[in-house]
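Q: Pasting a structure below so you can have a look.
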Amino acid sequence: MQAFIDTLNGYVWSRALIFLCLGAGLYFSIRTRFMQVRGVAEMLRLMLHSKPSEAGVSTFQALAMSLAGRVGIGNIAGVATAIGHGGPGAVFWMWMVAFLGASTAYVESTLAQIYKEKDERGLYRGGPAYYIEKAMGQKWYAWLFAFATILACGFLLPGVQANGIAAGISNAWGISPLVTGAGVALLLGFIIFGGVRRIAGFAELVVPFMALAYIAMAIYIMVLNAHKLPEIVSLIFHSAFGADAMFGAILGLAVEWGVKRGIYSNEAGQGTGPHAAAAAEVTHPAQQGYVQAFSIYVDTLLVCSATAFMILSTGMYNVINPAGGMLAEALPGTEPGPAFAQHAVEAVLPGYGAGFVAIALFFFAFTTIVAYYYMAETNISYINRAAHRPWMVYLLRVGIIAMVCFGAVRTAGAAWGLGDLGVGLMAWLNIVAILILQKPALLALKDYERQKKAGVAPSFDPEALGIRRADFWRRRP
């Protein structure tokens with residue numbers, strides 16, 4: 001089974017997908033005139049700008065929901081595996097994916113807002129399946145993405161998060177993965193059976209707290225190792241371009257693992273963020289596009305960088321030599337994963353590191369599982385627009401709870417392999433779609449900037465911009 005999964009990932013995660021992700025990010029950066037740089041002040045202002053309504057959540061709640069999906073096991077174990085397989089240079093390519101991916105996140109999230117609609121309960125729903133059908137007119141493609149998302153978010157990706165939680169808790173306190181999996185499953189059931197608003201409220205409360213606490217720990221460790229920071233930054237850049245004597249031979253792996261884990265972590269272009277973006281109550285679609293672009297920075301430039309600097313500054317990492325053996329081995333017998341970060345914190349806080357990282361892993365990964373459920377449910381809602389099939393939602397709830405239990409006890413290699421497969425399938429389908437459908441998002445950006453420059457409160461009229469089938473905005477009073 002592991003060999004079969006690896007073979008599939010070899011096709012899905014070929015160099016073509018890596019070039020597609022980086023190329024799309026660069027292209028959108030140019031087309032938006034690097035809005036991810038020009039618009040930082042506007043991103044910060046908009047985060048606290050809107051309020052929730054009966055149909056939608058606030059921009060901050062939507063940000064928290066999307067961050068719940070982005071900030072997960074990839075921010076700890078994902079960074080560790082990137083360093084373990086691609087060397088320190090992989091961190092640079094994670095940064096590059098984040099910088100370029102912020103513009104990609106703007107495009108996909110703005111499209112989700114433009115083509116959102118209300119479901120049978122009067123709640124906002126949207127995402128790639130919605131904008132593919134409405135803007136592209138290819139219903140078969142929309143259904144293909146919807147099924148891929150239900151498969152990935154409902155059944156493939158949750159196991160990675162559960163596996164990380166179980167590994168972290170087992171390393172810290174020796175608790176059986178089976179017990180951990182059962183506990184996580186019970187808590188997950190309580191949250192997801194409460195509906196979208198409970199998910200939004202949970203994310204709004206937990207995500208800022210967990211991210212700030214983790215970053216604070218990283219800053220503390222970096223202050224203690226401040227004299228090493230220039231050396232670490234130099235190591236990352238030299239390794240990223242093959243100039244480092246030890247890690248220069250794995251330049252291709254640094255790019256591959258940096259891009260792969262960068263996308264897994266920040267999800268730019270993967271098509272997951274637009275689901276939360278569509279749920280926001282805004283007066284103009286570009287507003288949520290700005291906010292979602294900022295979420296990429298929070299995920300990778302802050303949280304992932306925190307993990308990377310903790311690991312590298314303490315030297316608690318191994319780098320696998322693809323030709324056999326190790327290029328670096330500070331932790332003999334330790335596979336790349338949560339243990340790297342746990343040993344890093346233990347190096348400066350003996351007796352506390354493993355437990356702290358295990359708690360961080362729990363919050364990071366659990367909120368991501370909750371976000372995955374919301375994304376899968378949104379795509380079931382899309383499929384159910386023509387026919388009411390409530391059994392599909394209950395099947396999803398039972399399925400994701402079962403996969404959490406299963407993922408907690410299976411091997412890390414199998415868990416990550418299935419997760420990578422789910423991410424890759426969604427990325428292929430979504431990035432191709434937004435490259436074709438980019439025009440409405442770019443028109444919305446120009447329209448928003450024009451209204452802001454004129455000093456008027458931004459509003460959105462799709463017909464005036466020549467955008468068709470934006471039914472929600474056309475009918476909005």
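Letters A, B, ... mark the chains of the structure tokens in the order given; residue numbers begin at 1 per chain; ligand numbers begin at 1, in order shown.
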Using only C-alpha atoms, determine which residues lie at most 10 Å from Ala211 of chain A, disregarding the query and same-chain residues fewer than 2 positions distant; provide the list as number ranges by chain.

A: A: 67, 71, 206-209, 213-216, 298-299, 302-303, 360, 363-364

Q: Would you save the residues of that selection, restricted to N, CA and C atoms, as a PDB file, in the first residue's frame?

A:
```
ATOM      1  N   LEU A  67      -7.404  30.187   8.665  1.00  0.00           N
ATOM      2  CA  LEU A  67      -6.158  29.903   9.377  1.00  0.00           C
ATOM      3  C   LEU A  67      -6.239  28.573  10.119  1.00  0.00           C
ATOM      4  N   VAL A  71      -3.063  26.667   9.464  1.00  0.00           N
ATOM      5  CA  VAL A  71      -2.137  26.454  10.574  1.00  0.00           C
ATOM      6  C   VAL A  71      -2.444  25.100  11.208  1.00  0.00           C
ATOM      7  N   VAL A 206      -9.784  30.021  19.347  1.00  0.00           N
ATOM      8  CA  VAL A 206      -8.593  29.201  19.537  1.00  0.00           C
ATOM      9  C   VAL A 206      -7.418  29.615  18.661  1.00  0.00           C
ATOM     10  N   VAL A 207      -7.675  29.928  17.374  1.00  0.00           N
ATOM     11  CA  VAL A 207      -6.577  30.152  16.425  1.00  0.00           C
ATOM     12  C   VAL A 207      -5.637  31.280  16.848  1.00  0.00           C
ATOM     13  N   PRO A 208      -6.141  32.490  17.194  1.00  0.00           N
ATOM     14  CA  PRO A 208      -5.198  33.552  17.588  1.00  0.00           C
ATOM     15  C   PRO A 208      -4.371  33.174  18.812  1.00  0.00           C
ATOM     16  N   PHE A 209      -5.021  32.540  19.799  1.00  0.00           N
ATOM     17  CA  PHE A 209      -4.320  32.155  21.025  1.00  0.00           C
ATOM     18  C   PHE A 209      -3.192  31.175  20.741  1.00  0.00           C
ATOM     19  N   ALA A 213       0.872  32.070  21.146  1.00  0.00           N
ATOM     20  CA  ALA A 213       1.635  31.348  22.164  1.00  0.00           C
ATOM     21  C   ALA A 213       2.831  30.632  21.540  1.00  0.00           C
ATOM     22  N   TYR A 214       2.608  30.027  20.396  1.00  0.00           N
ATOM     23  CA  TYR A 214       3.688  29.291  19.731  1.00  0.00           C
ATOM     24  C   TYR A 214       4.776  30.244  19.237  1.00  0.00           C
ATOM     25  N   ILE A 215       4.356  31.364  18.632  1.00  0.00           N
ATOM     26  CA  ILE A 215       5.331  32.342  18.147  1.00  0.00           C
ATOM     27  C   ILE A 215       6.117  32.936  19.314  1.00  0.00           C
ATOM     28  N   ALA A 216       5.444  33.157  20.449  1.00  0.00           N
ATOM     29  CA  ALA A 216       6.133  33.694  21.630  1.00  0.00           C
ATOM     30  C   ALA A 216       7.223  32.737  22.106  1.00  0.00           C
ATOM     31  N   VAL A 298       0.680  34.934   7.819  1.00  0.00           N
ATOM     32  CA  VAL A 298       0.592  34.463   9.204  1.00  0.00           C
ATOM     33  C   VAL A 298       1.046  33.007   9.287  1.00  0.00           C
ATOM     34  N   ASP A 299       0.551  32.209   8.348  1.00  0.00           N
ATOM     35  CA  ASP A 299       0.850  30.776   8.390  1.00  0.00           C
ATOM     36  C   ASP A 299       2.331  30.486   8.184  1.00  0.00           C
ATOM     37  N   LEU A 302       5.280  33.564   9.608  1.00  0.00           N
ATOM     38  CA  LEU A 302       5.328  33.654  11.062  1.00  0.00           C
ATOM     39  C   LEU A 302       5.435  32.276  11.721  1.00  0.00           C
ATOM     40  N   VAL A 303       4.392  31.447  11.558  1.00  0.00           N
ATOM     41  CA  VAL A 303       4.340  30.196  12.318  1.00  0.00           C
ATOM     42  C   VAL A 303       5.359  29.179  11.800  1.00  0.00           C
ATOM     43  N   ALA A 360       0.749  22.353  21.510  1.00  0.00           N
ATOM     44  CA  ALA A 360       0.635  23.174  20.301  1.00  0.00           C
ATOM     45  C   ALA A 360       0.162  22.335  19.118  1.00  0.00           C
ATOM     46  N   PHE A 363      -3.663  21.721  19.370  1.00  0.00           N
ATOM     47  CA  PHE A 363      -4.500  22.837  18.958  1.00  0.00           C
ATOM     48  C   PHE A 363      -4.376  23.115  17.463  1.00  0.00           C
ATOM     49  N   PHE A 364      -3.154  23.110  16.947  1.00  0.00           N
ATOM     50  CA  PHE A 364      -2.948  23.361  15.523  1.00  0.00           C
ATOM     51  C   PHE A 364      -3.697  22.330  14.688  1.00  0.00           C
TER      52      PHE A 364
END
```

Q: Need the shell around segment 245-255 of chain A: protein/DNA/RNA residues with any atom at most 7 Å away, counting only C-alpha atoms. Skip same-chain ones fewer than 3 positions apart. Format as a VMD selection string?

A: chain A and resid 85 to 87 89 to 90 93 239 to 242 258 to 259 327

Q: Next, write the just-selected residues to a file, as a short mmCIF file (atom, residue, chain, number, x, y, z; two decimals), in the first residue's frame, keeping N, CA and C atoms as the atom set.

A:
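Contents of selection_0.cif, freshly written:
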```
data_model
loop_
_atom_site.label_atom_id
_atom_site.label_comp_id
_atom_site.auth_asym_id
_atom_site.auth_seq_id
_atom_site.Cartn_x
_atom_site.Cartn_y
_atom_site.Cartn_z
N HIS A 85 14.19 16.14 4.66
CA HIS A 85 14.36 15.58 3.32
C HIS A 85 15.00 16.56 2.34
N GLY A 86 14.84 17.86 2.57
CA GLY A 86 15.37 18.84 1.64
C GLY A 86 16.44 19.74 2.20
N GLY A 87 16.80 19.55 3.48
CA GLY A 87 17.82 20.38 4.11
C GLY A 87 17.28 21.75 4.52
N GLY A 89 17.69 24.56 3.25
CA GLY A 89 17.28 25.37 2.11
C GLY A 89 15.81 25.24 1.77
N ALA A 90 15.16 24.16 2.21
CA ALA A 90 13.73 23.99 1.95
C ALA A 90 12.92 25.11 2.59
N TRP A 93 12.37 28.02 0.24
CA TRP A 93 11.35 27.77 -0.78
C TRP A 93 9.95 27.76 -0.18
N SER A 239 21.90 26.98 1.32
CA SER A 239 21.35 25.66 1.03
C SER A 239 20.27 25.73 -0.05
N ALA A 240 19.52 26.82 -0.05
CA ALA A 240 18.41 26.96 -1.00
C ALA A 240 18.90 27.03 -2.44
N PHE A 241 20.12 27.53 -2.64
CA PHE A 241 20.66 27.70 -3.99
C PHE A 241 21.84 26.77 -4.27
N GLY A 242 22.00 25.75 -3.43
CA GLY A 242 23.02 24.76 -3.67
C GLY A 242 24.43 25.21 -3.39
N GLY A 258 10.38 22.06 -0.16
CA GLY A 258 9.95 23.38 0.27
C GLY A 258 8.62 23.77 -0.33
N VAL A 259 8.46 23.52 -1.64
CA VAL A 259 7.20 23.85 -2.32
C VAL A 259 6.08 22.94 -1.83
N LEU A 327 23.03 13.15 5.83
CA LEU A 327 23.88 14.32 5.62
C LEU A 327 24.13 15.03 6.95
#
```

Q: Give me the residues within 12 Å of Val179 of chain A as a count of residues only, counting only C-alpha atoms and dropping any in the same chain fewer than 6 places off.

A: 13

Q: Extract the full set of strand (DSSP E) residues from segment 16-236 of chain A according to DSSP on the backbone, and format it as a list in words.

A: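 Checking each residue of segment 16-236 of chain A, the strand (DSSP E) ones are Glu117, Lys118, Tyr124 and Arg125 of chain A.
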
Q: Could you tell me how far atom CA of Leu224 of chain A lies from atom CA of Pro336 of chain A, in Å and to one decimal?

A: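 Interatomic distance, atom CA of Leu224 of chain A to atom CA of Pro336 of chain A: 24.1 Å.
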
Q: Rank A:Ala371, A:Lys453, A:Gly159, A:Ile191 by their smallest atom-to-atom distance to Arg410 of chain A, using only C-alpha atoms, and report the top residue only.

A: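 Selected residue with least distance to Arg410 of chain A: A:Gly159.
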
Q: Per DSSP on the backbone, what are the helix (DSSP H, G or I) residues of segment 130-321 of chain A, as a PyMOL selection string?

A: chain A and resi 130-136+139-173+177-192+196-224+226-240+248-266+273-278+285-314

Q: List the neighbours of segment 124-128 of chain A out to 6 Å using only C-alpha atoms; skip same-chain residues closer than 5 positions along the sequence, and give me the result as number ranges by chain.

A: A: 55-56, 112, 116-118, 274-275, 278-279

Q: Can I get the selection written as a CSV table (one decimal), in the first residue's frame, with C-alpha atoms?

A:
```
chain,number,residue,atom,x,y,z
A,55,ALA,CA,-26.1,34.7,6.7
A,56,GLY,CA,-22.3,35.1,7.1
A,112,ALA,CA,-15.2,32.6,-4.1
A,116,LYS,CA,-21.0,32.7,-3.6
A,117,GLU,CA,-24.6,31.9,-2.8
A,118,LYS,CA,-26.9,31.1,0.0
A,274,PRO,CA,-11.9,30.0,-0.6
A,275,HIS,CA,-14.5,28.0,1.3
A,278,ALA,CA,-17.0,32.8,0.8
A,279,ALA,CA,-18.7,32.7,4.2
```

Q: Can you pull out the residues contacting Ile76 of chain A? Cut-off 10 Å, using only C-alpha atoms, and skip same-chain residues under 3 positions away; I want them as a VMD selection string.

A: chain A and resid 71 to 73 79 to 81 164 265 303 to 308 311 337 to 342 357 360 to 361 364 to 365
